[in-house]
$ cat model06.cif   # mmCIF, C-alpha atoms and all ligand atoms
data_target
loop_
_atom_site.label_atom_id
_atom_site.label_comp_id
_atom_site.auth_asym_id
_atom_site.auth_seq_id
_atom_site.Cartn_x
_atom_site.Cartn_y
_atom_site.Cartn_z
CA MET A 24 6.28 -31.84 -34.24
CA ALA A 25 7.67 -33.10 -31.00
CA ARG A 26 7.57 -35.98 -28.58
CA ILE A 27 6.16 -34.62 -25.33
CA GLU A 28 7.24 -36.14 -22.02
CA LEU A 29 5.80 -35.44 -18.61
CA VAL A 30 8.22 -36.47 -15.88
CA ASP A 31 6.99 -36.85 -12.28
CA LEU A 32 4.45 -34.20 -13.13
CA ALA A 33 1.84 -33.09 -10.59
CA HIS A 34 -0.11 -29.93 -9.96
CA ALA A 35 -1.75 -28.27 -6.98
CA TYR A 36 -3.28 -24.85 -7.76
CA LYS A 37 -2.97 -23.78 -4.12
CA PRO A 38 -0.46 -25.82 -2.19
CA ASN A 39 -2.39 -26.77 0.91
CA PRO A 40 -0.24 -27.82 3.89
CA SER A 41 -3.24 -29.20 5.79
CA ALA A 42 -4.26 -31.40 2.82
CA PRO A 43 -1.00 -32.23 1.02
CA GLY A 44 -2.79 -34.71 -1.27
CA ASP A 45 -5.01 -31.95 -2.69
CA TYR A 46 -3.82 -32.18 -6.31
CA ALA A 47 -5.66 -31.13 -9.48
CA LEU A 48 -3.18 -33.53 -11.15
CA ARG A 49 -1.77 -36.46 -9.22
CA PRO A 50 1.84 -37.51 -9.91
CA MET A 51 2.28 -38.93 -13.42
CA THR A 52 5.05 -39.84 -15.86
CA MET A 53 3.99 -40.33 -19.46
CA GLN A 54 4.84 -39.70 -23.11
CA TRP A 55 2.93 -38.36 -26.09
CA GLU A 56 4.48 -39.68 -29.31
CA ASP A 57 5.41 -37.38 -32.16
CA GLY A 58 2.67 -37.25 -34.81
CA GLY A 59 0.09 -39.08 -32.67
CA ALA A 60 -3.63 -38.27 -32.56
CA TYR A 61 -4.58 -38.40 -28.89
CA ALA A 62 -7.84 -37.82 -27.08
CA LEU A 63 -7.81 -36.83 -23.43
CA LEU A 64 -11.05 -38.18 -22.00
CA GLY A 65 -12.62 -37.83 -18.57
CA PRO A 66 -15.50 -36.32 -16.62
CA SER A 67 -15.80 -32.65 -15.69
CA GLY A 68 -13.21 -31.54 -13.15
CA CYS A 69 -10.83 -34.49 -13.62
CA GLY A 70 -7.95 -32.22 -14.72
CA LYS A 71 -8.03 -32.29 -18.56
CA THR A 72 -7.69 -28.54 -19.06
CA THR A 73 -5.05 -28.33 -16.33
CA LEU A 74 -2.96 -30.96 -18.13
CA LEU A 75 -3.40 -29.26 -21.51
CA ASN A 76 -2.46 -25.85 -20.08
CA ILE A 77 0.64 -27.33 -18.48
CA ILE A 78 1.72 -28.69 -21.88
CA SER A 79 1.10 -25.34 -23.58
CA GLY A 80 2.72 -23.35 -20.76
CA LEU A 81 -0.37 -21.41 -19.64
CA VAL A 82 -0.02 -23.13 -16.25
CA ARG A 83 3.32 -23.89 -14.61
CA PRO A 84 3.23 -27.28 -12.84
CA SER A 85 3.85 -27.21 -9.09
CA HIS A 86 5.92 -30.43 -9.43
CA GLY A 87 7.90 -32.17 -12.17
CA ARG A 88 9.12 -31.36 -15.64
CA VAL A 89 7.76 -31.04 -19.19
CA LEU A 90 10.10 -32.06 -22.04
CA PHE A 91 9.70 -31.52 -25.79
CA ASP A 92 12.01 -33.86 -27.76
CA GLY A 93 14.10 -34.28 -24.63
CA LYS A 94 14.47 -30.52 -24.05
CA ASP A 95 13.18 -29.16 -20.73
CA VAL A 96 10.53 -26.49 -21.46
CA THR A 97 9.01 -26.31 -17.95
CA ASP A 98 10.15 -22.73 -17.45
CA LEU A 99 9.39 -21.51 -20.98
CA GLN A 100 6.48 -19.14 -21.67
CA PRO A 101 3.70 -20.34 -24.04
CA GLU A 102 5.06 -18.19 -26.92
CA ALA A 103 8.41 -19.92 -26.69
CA ARG A 104 6.92 -23.42 -26.78
CA ASN A 105 5.65 -23.41 -30.33
CA ILE A 106 2.23 -24.86 -29.54
CA ALA A 107 -1.13 -24.07 -31.14
CA GLN A 108 -4.14 -24.21 -28.82
CA VAL A 109 -7.83 -24.14 -29.75
CA PHE A 110 -10.30 -23.37 -26.97
CA GLN A 111 -13.94 -24.22 -26.35
CA PHE A 112 -15.12 -20.84 -27.65
CA PRO A 113 -13.90 -19.10 -30.82
CA VAL A 114 -10.81 -16.91 -30.40
CA ILE A 115 -10.66 -14.84 -33.59
CA TYR A 116 -10.35 -11.24 -34.76
CA ASP A 117 -13.90 -10.18 -35.63
CA THR A 118 -12.87 -7.17 -37.70
CA MET A 119 -10.51 -9.14 -39.94
CA THR A 120 -11.51 -11.26 -42.92
CA VAL A 121 -11.44 -15.03 -42.64
CA PHE A 122 -8.31 -15.02 -44.81
CA ASP A 123 -6.48 -12.59 -42.53
CA ASN A 124 -7.52 -14.53 -39.45
CA LEU A 125 -6.00 -17.70 -40.89
CA ALA A 126 -2.94 -15.87 -42.23
CA PHE A 127 -2.22 -14.12 -38.92
CA PRO A 128 -0.14 -16.86 -37.23
CA LEU A 129 1.94 -17.24 -40.42
CA ARG A 130 2.52 -13.53 -41.09
CA ASN A 131 3.47 -13.17 -37.45
CA ARG A 132 6.35 -15.55 -38.12
CA GLY A 133 7.49 -13.75 -41.25
CA TRP A 134 6.13 -16.12 -43.89
CA LYS A 135 6.33 -14.86 -47.51
CA THR A 136 3.05 -13.79 -49.17
CA ALA A 137 2.99 -16.64 -51.70
CA GLU A 138 3.55 -19.24 -48.99
CA VAL A 139 0.89 -17.67 -46.77
CA ASN A 140 -1.59 -17.78 -49.66
CA ARG A 141 -0.85 -21.40 -50.42
CA ARG A 142 -1.15 -22.56 -46.84
CA VAL A 143 -4.29 -20.54 -46.05
CA GLN A 144 -6.01 -21.89 -49.18
CA GLN A 145 -5.07 -25.43 -48.19
CA VAL A 146 -6.42 -25.16 -44.65
CA ALA A 147 -9.55 -23.25 -45.77
CA GLU A 148 -10.30 -25.98 -48.28
CA MET A 149 -9.99 -28.71 -45.65
CA LEU A 150 -12.41 -26.89 -43.35
CA GLU A 151 -14.74 -25.84 -46.19
CA LEU A 152 -14.10 -22.16 -45.56
CA SER A 153 -12.85 -21.30 -49.06
CA ALA A 154 -16.06 -19.48 -50.03
CA ASP A 155 -15.82 -17.30 -46.90
CA LEU A 156 -12.18 -16.20 -47.18
CA LYS A 157 -13.01 -12.64 -48.25
CA HIS A 158 -15.77 -12.16 -45.65
CA ARG A 159 -15.31 -10.40 -42.36
CA ALA A 160 -15.42 -12.85 -39.46
CA SER A 161 -17.91 -10.70 -37.53
CA GLY A 162 -20.80 -11.52 -39.90
CA LEU A 163 -20.39 -15.29 -39.68
CA SER A 164 -22.30 -17.89 -37.67
CA ALA A 165 -20.93 -19.34 -34.40
CA ASP A 166 -20.13 -22.57 -36.25
CA ALA A 167 -18.11 -20.79 -38.94
CA LYS A 168 -16.24 -18.78 -36.29
CA GLN A 169 -15.22 -21.93 -34.49
CA LYS A 170 -14.05 -23.38 -37.83
CA ILE A 171 -11.81 -20.33 -38.17
CA SER A 172 -10.44 -21.01 -34.69
CA LEU A 173 -9.72 -24.60 -35.71
CA GLY A 174 -8.06 -23.30 -38.88
CA ARG A 175 -5.86 -20.93 -36.88
CA GLY A 176 -4.80 -23.89 -34.76
CA LEU A 177 -3.97 -26.02 -37.80
CA VAL A 178 -2.39 -23.45 -40.09
CA ARG A 179 1.20 -23.63 -38.81
CA PRO A 180 2.90 -26.82 -39.96
CA ASP A 181 5.93 -26.31 -37.68
CA VAL A 182 4.27 -26.45 -34.25
CA ALA A 183 5.28 -28.98 -31.60
CA ALA A 184 1.61 -29.96 -31.17
CA VAL A 185 -1.93 -28.68 -31.61
CA LEU A 186 -4.04 -28.81 -28.46
CA PHE A 187 -7.84 -28.75 -28.66
CA ASP A 188 -9.87 -28.13 -25.51
CA GLU A 189 -13.42 -29.34 -26.27
CA PRO A 190 -13.44 -27.30 -29.51
CA LEU A 191 -16.75 -28.63 -30.81
CA THR A 192 -18.90 -27.83 -27.76
CA VAL A 193 -20.55 -24.80 -29.40
CA ILE A 194 -21.07 -26.52 -32.74
CA ASP A 195 -24.34 -27.91 -34.04
CA PRO A 196 -24.49 -31.76 -33.66
CA HIS A 197 -24.45 -32.64 -37.36
CA LEU A 198 -21.57 -30.30 -38.18
CA LYS A 199 -19.83 -31.60 -35.08
CA TRP A 200 -19.85 -35.08 -36.56
CA LEU A 201 -18.52 -33.82 -39.90
CA LEU A 202 -15.78 -31.74 -38.27
CA ARG A 203 -14.63 -34.63 -36.14
CA ARG A 204 -14.14 -36.77 -39.24
CA LYS A 205 -12.46 -33.83 -40.93
CA LEU A 206 -9.99 -33.40 -38.05
CA LYS A 207 -9.06 -37.04 -38.38
CA GLU A 208 -8.45 -36.62 -42.12
CA ILE A 209 -6.46 -33.46 -41.48
CA HIS A 210 -4.35 -35.35 -38.98
CA HIS A 211 -3.47 -37.92 -41.63
CA GLU A 212 -2.78 -35.24 -44.23
CA LEU A 213 -0.80 -32.74 -42.16
CA LYS A 214 0.82 -35.23 -39.73
CA LEU A 215 0.49 -32.81 -36.82
CA SER A 216 0.64 -34.10 -33.23
CA LEU A 217 -2.84 -33.54 -31.85
CA ILE A 218 -4.25 -33.71 -28.34
CA TYR A 219 -8.00 -33.41 -28.25
CA VAL A 220 -9.78 -32.92 -24.92
CA THR A 221 -13.33 -34.16 -24.51
CA HIS A 222 -15.65 -35.71 -21.95
CA ASP A 223 -17.54 -37.56 -24.71
CA GLN A 224 -16.36 -41.14 -25.24
CA VAL A 225 -17.77 -41.35 -28.79
CA GLU A 226 -15.91 -38.20 -29.76
CA ALA A 227 -12.70 -39.55 -28.21
CA LEU A 228 -12.92 -43.02 -29.70
CA THR A 229 -13.77 -41.84 -33.25
CA PHE A 230 -11.08 -39.17 -33.33
CA ALA A 231 -8.04 -40.65 -31.69
CA ASP A 232 -5.55 -43.45 -32.29
CA LYS A 233 -4.91 -43.44 -28.58
CA VAL A 234 -7.28 -42.36 -25.83
CA VAL A 235 -5.88 -41.19 -22.49
CA VAL A 236 -8.49 -41.68 -19.78
CA MET A 237 -8.39 -39.50 -16.67
CA THR A 238 -10.33 -39.47 -13.43
CA GLN A 239 -9.76 -37.38 -10.31
CA GLY A 240 -6.46 -35.94 -11.50
CA GLU A 241 -5.02 -39.29 -12.50
CA VAL A 242 -4.33 -40.89 -15.88
CA VAL A 243 -5.72 -44.40 -15.41
CA GLN A 244 -5.14 -45.82 -18.91
CA ALA A 245 -3.83 -44.81 -22.33
CA GLY A 246 -4.84 -47.17 -25.11
CA SER A 247 -6.64 -47.86 -28.37
CA ALA A 248 -10.43 -48.08 -28.45
CA GLN A 249 -10.11 -51.87 -28.52
CA GLU A 250 -7.77 -51.97 -25.50
CA LEU A 251 -10.07 -49.74 -23.47
CA PHE A 252 -13.00 -51.91 -24.37
CA GLU A 253 -11.45 -55.35 -23.97
CA GLU A 254 -8.92 -54.78 -21.24
CA PRO A 255 -9.79 -51.80 -19.05
CA ALA A 256 -6.82 -51.30 -16.72
CA HIS A 257 -8.94 -49.60 -14.04
CA THR A 258 -12.54 -50.05 -12.91
CA PHE A 259 -13.20 -46.41 -13.91
CA VAL A 260 -12.32 -47.18 -17.55
CA GLY A 261 -14.61 -50.22 -17.47
CA TYR A 262 -17.45 -48.14 -16.12
CA PHE A 263 -16.88 -44.96 -18.18
CA ILE A 264 -16.27 -46.58 -21.60
CA GLY A 265 -19.11 -48.58 -23.10
CA ASN A 266 -22.84 -48.15 -23.10
CA PRO A 267 -23.79 -49.48 -20.64
CA GLY A 268 -20.40 -49.74 -18.93
CA MET A 269 -18.76 -52.82 -17.51
CA ASN A 270 -20.50 -54.84 -14.78
CA LEU A 271 -18.33 -54.42 -11.66
CA LEU A 272 -19.15 -56.89 -8.92
CA PRO A 273 -17.45 -57.11 -5.51
CA CYS A 274 -16.35 -60.68 -4.83
CA THR A 275 -14.16 -62.87 -2.65
CA VAL A 276 -11.77 -65.52 -3.86
CA ALA A 277 -11.04 -68.91 -2.30
CA ASP A 278 -9.81 -72.28 -3.57
CA GLY A 279 -9.71 -71.26 -7.24
CA VAL A 280 -13.26 -69.89 -7.23
CA ALA A 281 -14.62 -66.31 -7.25
CA HIS A 282 -17.63 -66.06 -4.93
CA LEU A 283 -20.32 -63.51 -5.69
CA ASP A 284 -23.50 -63.10 -3.72
CA GLY A 285 -25.75 -65.69 -5.40
CA GLY A 286 -23.13 -67.41 -7.53
CA SER A 287 -19.60 -68.65 -7.96
CA ILE A 288 -17.28 -68.64 -10.94
CA PRO A 289 -14.30 -70.93 -11.46
CA LEU A 290 -11.12 -68.90 -11.98
CA THR A 291 -8.92 -69.31 -15.03
CA GLU A 292 -5.34 -70.32 -14.23
CA ARG A 293 -4.22 -66.75 -14.99
CA ALA A 294 -6.70 -65.25 -12.51
CA ARG A 295 -5.94 -67.89 -9.85
CA VAL A 296 -2.22 -67.07 -9.95
CA ALA A 297 -2.78 -63.30 -9.98
CA LEU A 298 -5.21 -63.37 -7.07
CA GLN A 299 -3.31 -65.80 -4.87
CA GLY A 300 -2.93 -64.44 -1.33
CA GLU A 301 -4.60 -61.17 -2.36
CA ASN A 302 -6.31 -59.39 0.51
CA GLY A 303 -7.24 -56.06 -1.08
CA LYS A 304 -10.72 -55.17 -2.33
CA ILE A 305 -11.41 -57.58 -5.23
CA THR A 306 -13.84 -56.65 -8.02
CA LEU A 307 -14.93 -58.88 -10.87
CA GLY A 308 -15.51 -57.05 -14.17
CA ILE A 309 -17.37 -58.27 -17.23
CA ARG A 310 -18.71 -56.27 -20.17
CA PRO A 311 -22.47 -56.59 -20.86
CA GLU A 312 -21.52 -57.81 -24.37
CA PHE A 313 -19.93 -60.96 -22.93
CA VAL A 314 -22.61 -62.08 -20.45
CA GLU A 315 -24.46 -65.23 -21.62
CA CYS A 316 -28.02 -66.18 -20.70
CA GLU A 317 -29.44 -69.75 -20.63
CA PHE A 318 -32.94 -70.99 -19.88
CA SER A 319 -31.84 -74.10 -18.02
CA GLN A 320 -29.04 -74.86 -15.63
CA GLN A 321 -25.81 -75.65 -17.47
CA ALA A 322 -22.09 -75.85 -16.72
CA ASP A 323 -20.75 -72.74 -15.00
CA THR A 324 -24.09 -70.94 -14.79
CA SER A 325 -25.67 -69.21 -11.78
CA PRO A 326 -29.41 -68.71 -11.25
CA ALA A 327 -30.65 -65.15 -11.80
CA THR A 328 -33.91 -63.24 -12.30
CA VAL A 329 -34.73 -60.99 -15.25
CA THR A 330 -35.51 -57.47 -14.01
CA SER A 331 -35.88 -55.67 -17.35
CA VAL A 332 -35.62 -56.27 -21.09
CA ARG A 333 -35.40 -53.59 -23.76
CA ASN A 334 -35.46 -54.65 -27.37
CA LEU A 335 -33.46 -52.13 -29.39
CA GLY A 336 -33.89 -53.72 -32.81
CA THR A 337 -30.25 -54.67 -33.39
CA HIS A 338 -29.86 -56.13 -29.90
CA CYS A 339 -31.51 -56.55 -26.53
CA LEU A 340 -30.46 -54.74 -23.39
CA ALA A 341 -31.39 -56.81 -20.36
CA GLU A 342 -30.86 -56.51 -16.61
CA PHE A 343 -30.74 -59.38 -14.17
CA SER A 344 -30.48 -59.72 -10.45
CA LEU A 345 -27.98 -62.24 -9.15
CA GLY A 346 -28.11 -62.21 -5.36
CA VAL A 347 -27.61 -58.54 -4.42
CA HIS A 348 -25.94 -57.75 -7.74
CA THR A 349 -27.47 -56.15 -10.82
CA ILE A 350 -25.96 -57.45 -14.06
CA ALA A 351 -26.48 -55.80 -17.45
CA ALA A 352 -26.24 -57.85 -20.64
CA LYS A 353 -26.27 -56.94 -24.33
CA LEU A 354 -27.72 -59.96 -26.11
CA ARG A 355 -28.64 -60.69 -29.74
CA GLN A 356 -32.15 -61.44 -28.55
CA LEU A 357 -33.92 -62.54 -25.38
CA SER A 358 -37.43 -63.99 -25.24
CA ALA A 359 -38.04 -63.31 -21.58
CA ALA A 360 -39.82 -60.81 -19.36
CA ALA A 361 -39.21 -59.25 -15.97
CA GLY A 362 -39.60 -61.88 -13.23
CA ASP A 363 -38.45 -64.85 -15.37
CA LYS A 364 -35.82 -67.19 -13.90
CA VAL A 365 -32.72 -67.72 -16.05
CA TRP A 366 -29.11 -68.93 -15.69
CA LEU A 367 -26.22 -66.60 -16.38
CA ARG A 368 -22.73 -67.53 -17.49
CA LEU A 369 -19.80 -65.13 -17.07
CA PRO A 370 -17.16 -66.73 -19.34
CA GLY A 371 -13.76 -66.99 -17.61
CA GLU A 372 -11.76 -65.68 -20.58
CA ARG A 373 -13.93 -62.52 -20.67
CA THR A 374 -13.91 -61.94 -16.91
CA LEU A 375 -11.33 -59.52 -15.52
CA PHE A 376 -10.28 -58.99 -11.90
CA TYR A 377 -9.39 -55.77 -10.15
CA VAL A 378 -7.68 -55.28 -6.80
CA ASN A 379 -8.30 -51.85 -5.28
CA ASP A 380 -9.65 -50.79 -8.72
CA LYS A 381 -6.48 -51.72 -10.65
CA ARG A 382 -6.57 -54.68 -13.03
CA VAL A 383 -4.54 -57.71 -11.97
CA ALA A 384 -5.99 -60.42 -14.28
N1 LIG A 401 -7.39 -21.66 -11.76
C1 LIG A 401 -7.75 -22.59 -10.87
N2 LIG A 401 -7.59 -22.39 -9.53
C2 LIG A 401 -7.92 -23.32 -8.62
N3 LIG A 401 -8.45 -24.53 -8.93
C3 LIG A 401 -8.65 -24.79 -10.23
C4 LIG A 401 -8.31 -23.85 -11.26
N4 LIG A 401 -8.62 -24.40 -12.47
C5 LIG A 401 -9.12 -25.64 -12.20
N5 LIG A 401 -9.13 -25.87 -10.87
C6 LIG A 401 -9.57 -27.12 -10.21
O1 LIG A 401 -8.73 -28.18 -10.68
C7 LIG A 401 -9.50 -29.36 -10.95
C8 LIG A 401 -9.34 -29.77 -12.41
O2 LIG A 401 -9.96 -28.77 -13.22
P1 LIG A 401 -9.88 -28.76 -14.81
O3 LIG A 401 -10.46 -27.49 -15.29
O4 LIG A 401 -8.49 -29.10 -15.23
O5 LIG A 401 -10.85 -29.99 -15.17
P2 LIG A 401 -11.46 -30.44 -16.59
O6 LIG A 401 -11.27 -31.92 -16.67
O7 LIG A 401 -10.91 -29.61 -17.68
O8 LIG A 401 -13.03 -30.14 -16.40
P3 LIG A 401 -14.15 -29.69 -17.48
O9 LIG A 401 -14.51 -30.95 -18.25
O10 LIG A 401 -15.29 -29.22 -16.63
O11 LIG A 401 -13.57 -28.62 -18.35
C9 LIG A 401 -10.92 -29.03 -10.55
O12 LIG A 401 -11.12 -29.49 -9.25
C10 LIG A 401 -10.98 -27.52 -10.62
O13 LIG A 401 -11.94 -27.00 -9.71
MG MG A 402 -11.79 -28.28 -19.09
#
$ encode --input "model06.cif" --output "C-alpha cells" --more "lines below"
Ligand SMILES: Nc1ncnc2c1ncn2[C@@H]1O[C@H](COP(=O)(O)OP(=O)(O)OP(=O)(O)O)[C@@H](O)[C@H]1O
Ligand SMILES: [Mg+2]
Amino acid sequence: MARIELVDLAHAYKPNPSAPGDYALRPMTMQWEDGGAYALLGPSGCGKTTLLNIISGLVRPSHGRVLFDGKDVTDLQPEARNIAQVFQFPVIYDTMTVFDNLAFPLRNRGWKTAEVNRRVQQVAEMLELSADLKHRASGLSADAKQKISLGRGLVRPDVAAVLFDEPLTVIDPHLKWLLRRKLKEIHHELKLSLIYVTHDQVEALTFADKVVVMTQGEVVQAGSAQELFEEPAHTFVGYFIGNPGMNLLPCTVADGVAHLDGGSIPLTERARVALQGENGKITLGIRPEFVECEFSQQADTSPATVTSVRNLGTHCLAEFSLGVHTIAAKLRQLSAAAGDKVWLRLPGERTLFYVNDKRVA
C-alpha cells in the first residue's frame, strides 16, 4: 500500500495554445492516504477516468508530478507502478478457468503454488466464486465475469492501490448492492488502498470513508458523507449531493442581513464577519432538511406560497415560492396544498454562504 500524492497536477489531452485553460484536469494538489477507501464522484466528463489513469500510469499528466510514498513515479510505466485497475467491463481470459484467472496476477509474480492456492481461495470466498473456480470463464454470466475482474484486482496484497472505474455498471441492481457491501468488507479485511470511481452518490457514500467530489476537471471537496452533507465547500457539492440537493439562492448582504427576493435573513456573527466588504457573487445555501415551515408569521420568517406537496410516507417533500426563488423542503409532515400561504424560516446556524461558489461561512 502507498500514500499517493498529486503535486501541482493538471492535464490537457491536446495542449491548445488558443485556449490555454482547456484542461481535462485543472491544477490540483492532493493526497490519498495509505489504506483509505475513497470514492471519486462526479458527473460524466468531469475527469474521473483521466485522474484514475494518471494514477495508474495509463495517461502521463501534461503538468505536475505523481508520488507514491514520496517517490516520484510520474515517468514510470503502469507495470512498474504496482497498481491493480478494474474497468467498467470485464477484462478476463475467457479460455481459462476462474481459478487460473484469479491466479494469473500472482503466478506472474512468481508466487509459490501453495500460496497461490491459499490466496485465490480466500478472494474467491469473499466474492462468492468458490463454486465456480473449476469452470471456464467463457460459460459464465456477465455478472460472474465482472466478479472475476474484481477478484483479479483484489488478489495481490502487495499493490500500491486498487483502482475501480465504475466496476458495477454492467451488474444487475440487486447484485450491485451486495457487491458494494462486499467491497467495503473486503477493504476492512485486506486493508488495501481503494479508489472507486462512480457518478452515483449513493454508491459513493455507502462505499467510501472519504468521497472526493469533482466537477469540470476540478476537485471541489474531499470529505466524509457527513461533511459533504452538512458543510458543502462548493455550491456544486450542495447541489449534487442530497435528494433533492441544497437550495442555492442568490442574495445580497447589507447591515448584518442577507436580502433575498421576498425575504431577509439576519446573519449569524460568523457569516457577518466572513461576508464583510464582500463584493463577489453571494449565494445562500440551505439543505431542504433544515427549512422550517410555519402557518403564522413568527420571528425570522418570510412569507411564501406552497407550490407542491408530495407525501412520501416517511416525510413530505414540499416546494415553495419565495419571491422569485423556489425553495424545496423535506418536512416530517405538512398539512397544506398548492396555493396556501405559509411562513418559512431558514435557521441561521444551518444557512451557509458562498462567494463565487466557494463556501465562506
Ligand atoms: N483520450 C482523450 N482524448 C481527448 N480528450 C479526452 C480523452 N479522454 C477524455 N477526454 C476528455 O476529457 C474530459 C474528461 O473525461 P473523462 O473520461 O476523464 O471523464 P469521466 O469523469 O471519466 O466521465 P464518464 O463518467 O463519462 O466516464 C472530457 O471532456 C473528455 O471528453
Ligand atoms: Mg470515466
$ residues_near_ligand --input "model06.cif" --ligand "ligand LIG 401 (chain A)" --cutoff "9 Å" --atoms "all atoms listed in the file" --output "mmCIF file with C-alpha atoms, keeping the file's coordinate frame"
data_model
loop_
_atom_site.group_PDB
_atom_site.id
_atom_site.type_symbol
_atom_site.label_atom_id
_atom_site.label_comp_id
_atom_site.auth_asym_id
_atom_site.auth_seq_id
_atom_site.Cartn_x
_atom_site.Cartn_y
_atom_site.Cartn_z
ATOM 1 C CA HIS A 34 -0.110 -29.930 -9.960
ATOM 2 C CA ALA A 35 -1.750 -28.270 -6.980
ATOM 3 C CA TYR A 36 -3.280 -24.850 -7.760
ATOM 4 C CA LYS A 37 -2.970 -23.780 -4.120
ATOM 5 C CA TYR A 46 -3.820 -32.180 -6.310
ATOM 6 C CA ALA A 47 -5.660 -31.130 -9.480
ATOM 7 C CA LEU A 48 -3.180 -33.530 -11.150
ATOM 8 C CA LEU A 64 -11.050 -38.180 -22.000
ATOM 9 C CA GLY A 65 -12.620 -37.830 -18.570
ATOM 10 C CA PRO A 66 -15.500 -36.320 -16.620
ATOM 11 C CA SER A 67 -15.800 -32.650 -15.690
ATOM 12 C CA GLY A 68 -13.210 -31.540 -13.150
ATOM 13 C CA CYS A 69 -10.830 -34.490 -13.620
ATOM 14 C CA GLY A 70 -7.950 -32.220 -14.720
ATOM 15 C CA LYS A 71 -8.030 -32.290 -18.560
ATOM 16 C CA THR A 72 -7.690 -28.540 -19.060
ATOM 17 C CA THR A 73 -5.050 -28.330 -16.330
ATOM 18 C CA LEU A 74 -2.960 -30.960 -18.130
ATOM 19 C CA LEU A 75 -3.400 -29.260 -21.510
ATOM 20 C CA ASN A 76 -2.460 -25.850 -20.080
ATOM 21 C CA VAL A 82 -0.020 -23.130 -16.250
ATOM 22 C CA ASP A 188 -9.870 -28.130 -25.510
ATOM 23 C CA GLU A 189 -13.420 -29.340 -26.270
ATOM 24 C CA VAL A 220 -9.780 -32.920 -24.920
ATOM 25 C CA THR A 221 -13.330 -34.160 -24.510
ATOM 26 C CA HIS A 222 -15.650 -35.710 -21.950
ATOM 27 C CA MET A 237 -8.390 -39.500 -16.670
ATOM 28 C CA THR A 238 -10.330 -39.470 -13.430
ATOM 29 C CA GLN A 239 -9.760 -37.380 -10.310
ATOM 30 C CA GLY A 240 -6.460 -35.940 -11.500
#
$ residues_around --input "model06.cif" --residues "Ser287 (chain A)" --least-positions-apart "6" --cutoff "8 Å" --atoms "all atoms listed in the file" --output "list in words"
Val280, Ala281 and Ser325 of chain A
$ residues_around --input "model06.cif" --residues "Asn302 (chain A)" --least-positions-apart "5" --cutoff "10 Å" --atoms "all atoms listed in the file" --output "ChimeraX atom specification"
/A:275-276,378-379
$ atom_distance --input "model06.cif" --atom1 "CA of Leu307 (chain A)" --atom2 "CA of Tyr377 (chain A)"
6.4 Å
$ closest_residue --input "model06.cif" --among "A:Gln321, A:Ser344, A:Thr330, A:Thr192" --to "Arg368 (chain A)" --atoms "all atoms listed in the file"
A:Gln321
$ closest_residue --input "model06.cif" --among "A:Val242, A:Arg382, A:Ser319, A:Val178" --to "Leu271 (chain A)" --atoms "all atoms listed in the file"
A:Arg382
$ residues_around --input "model06.cif" --residues "region 139-146 of chain A" --least-positions-apart "3" --cutoff "10 Å" --atoms "all atoms listed in the file" --output "number ranges by chain"
A: 121-130, 133-136, 149-153, 156, 171, 173-175, 177-180, 209, 213
$ write_last_selection --input "model06.cif" --atoms "C-alpha atoms" --output "PDB file, in the coordinates of the input"
ATOM      1  CA  VAL A 121     -11.440 -15.030 -42.640  1.00  0.00           C
ATOM      2  CA  PHE A 122      -8.310 -15.020 -44.810  1.00  0.00           C
ATOM      3  CA  ASP A 123      -6.480 -12.590 -42.530  1.00  0.00           C
ATOM      4  CA  ASN A 124      -7.520 -14.530 -39.450  1.00  0.00           C
ATOM      5  CA  LEU A 125      -6.000 -17.700 -40.890  1.00  0.00           C
ATOM      6  CA  ALA A 126      -2.940 -15.870 -42.230  1.00  0.00           C
ATOM      7  CA  PHE A 127      -2.220 -14.120 -38.920  1.00  0.00           C
ATOM      8  CA  PRO A 128      -0.140 -16.860 -37.230  1.00  0.00           C
ATOM      9  CA  LEU A 129       1.940 -17.240 -40.420  1.00  0.00           C
ATOM     10  CA  ARG A 130       2.520 -13.530 -41.090  1.00  0.00           C
ATOM     11  CA  GLY A 133       7.490 -13.750 -41.250  1.00  0.00           C
ATOM     12  CA  TRP A 134       6.130 -16.120 -43.890  1.00  0.00           C
ATOM     13  CA  LYS A 135       6.330 -14.860 -47.510  1.00  0.00           C
ATOM     14  CA  THR A 136       3.050 -13.790 -49.170  1.00  0.00           C
ATOM     15  CA  MET A 149      -9.990 -28.710 -45.650  1.00  0.00           C
ATOM     16  CA  LEU A 150     -12.410 -26.890 -43.350  1.00  0.00           C
ATOM     17  CA  GLU A 151     -14.740 -25.840 -46.190  1.00  0.00           C
ATOM     18  CA  LEU A 152     -14.100 -22.160 -45.560  1.00  0.00           C
ATOM     19  CA  SER A 153     -12.850 -21.300 -49.060  1.00  0.00           C
ATOM     20  CA  LEU A 156     -12.180 -16.200 -47.180  1.00  0.00           C
ATOM     21  CA  ILE A 171     -11.810 -20.330 -38.170  1.00  0.00           C
ATOM     22  CA  LEU A 173      -9.720 -24.600 -35.710  1.00  0.00           C
ATOM     23  CA  GLY A 174      -8.060 -23.300 -38.880  1.00  0.00           C
ATOM     24  CA  ARG A 175      -5.860 -20.930 -36.880  1.00  0.00           C
ATOM     25  CA  LEU A 177      -3.970 -26.020 -37.800  1.00  0.00           C
ATOM     26  CA  VAL A 178      -2.390 -23.450 -40.090  1.00  0.00           C
ATOM     27  CA  ARG A 179       1.200 -23.630 -38.810  1.00  0.00           C
ATOM     28  CA  PRO A 180       2.900 -26.820 -39.960  1.00  0.00           C
ATOM     29  CA  ILE A 209      -6.460 -33.460 -41.480  1.00  0.00           C
ATOM     30  CA  LEU A 213      -0.800 -32.740 -42.160  1.00  0.00           C
TER      31      LEU A 213
END
$ atom_distance --input "model06.cif" --atom1 "CA of Asp232 (chain A)" --atom2 "CA of Ala62 (chain A)"
8.0 Å
$ closest_residue --input "model06.cif" --among "A:Phe318, A:Phe313, A:Trp366, A:Phe187" --to "Asn270 (chain A)" --atoms "all atoms listed in the file"
A:Phe313
$ residues_around --input "model06.cif" --residues "Leu290 (chain A)" --least-positions-apart "2" --cutoff "6 Å" --atoms "all atoms listed in the file" --output "number ranges by chain"
A: 279-280, 294-295
$ residues_around --input "model06.cif" --residues "Lys353 (chain A)" --least-positions-apart "3" --cutoff "7 Å" --atoms "only C-alpha atoms" --output "ChimeraX atom specification"
/A:311-312,338-341
$ atom_distance --input "model06.cif" --atom1 "CA of Gly308 (chain A)" --atom2 "CA of Leu272 (chain A)"
6.4 Å
$ closest_residue --input "model06.cif" --among "A:Arg333, A:Leu206, A:Gln249, A:Ala256" --to "Asp380 (chain A)" --atoms "only C-alpha atoms"
A:Ala256
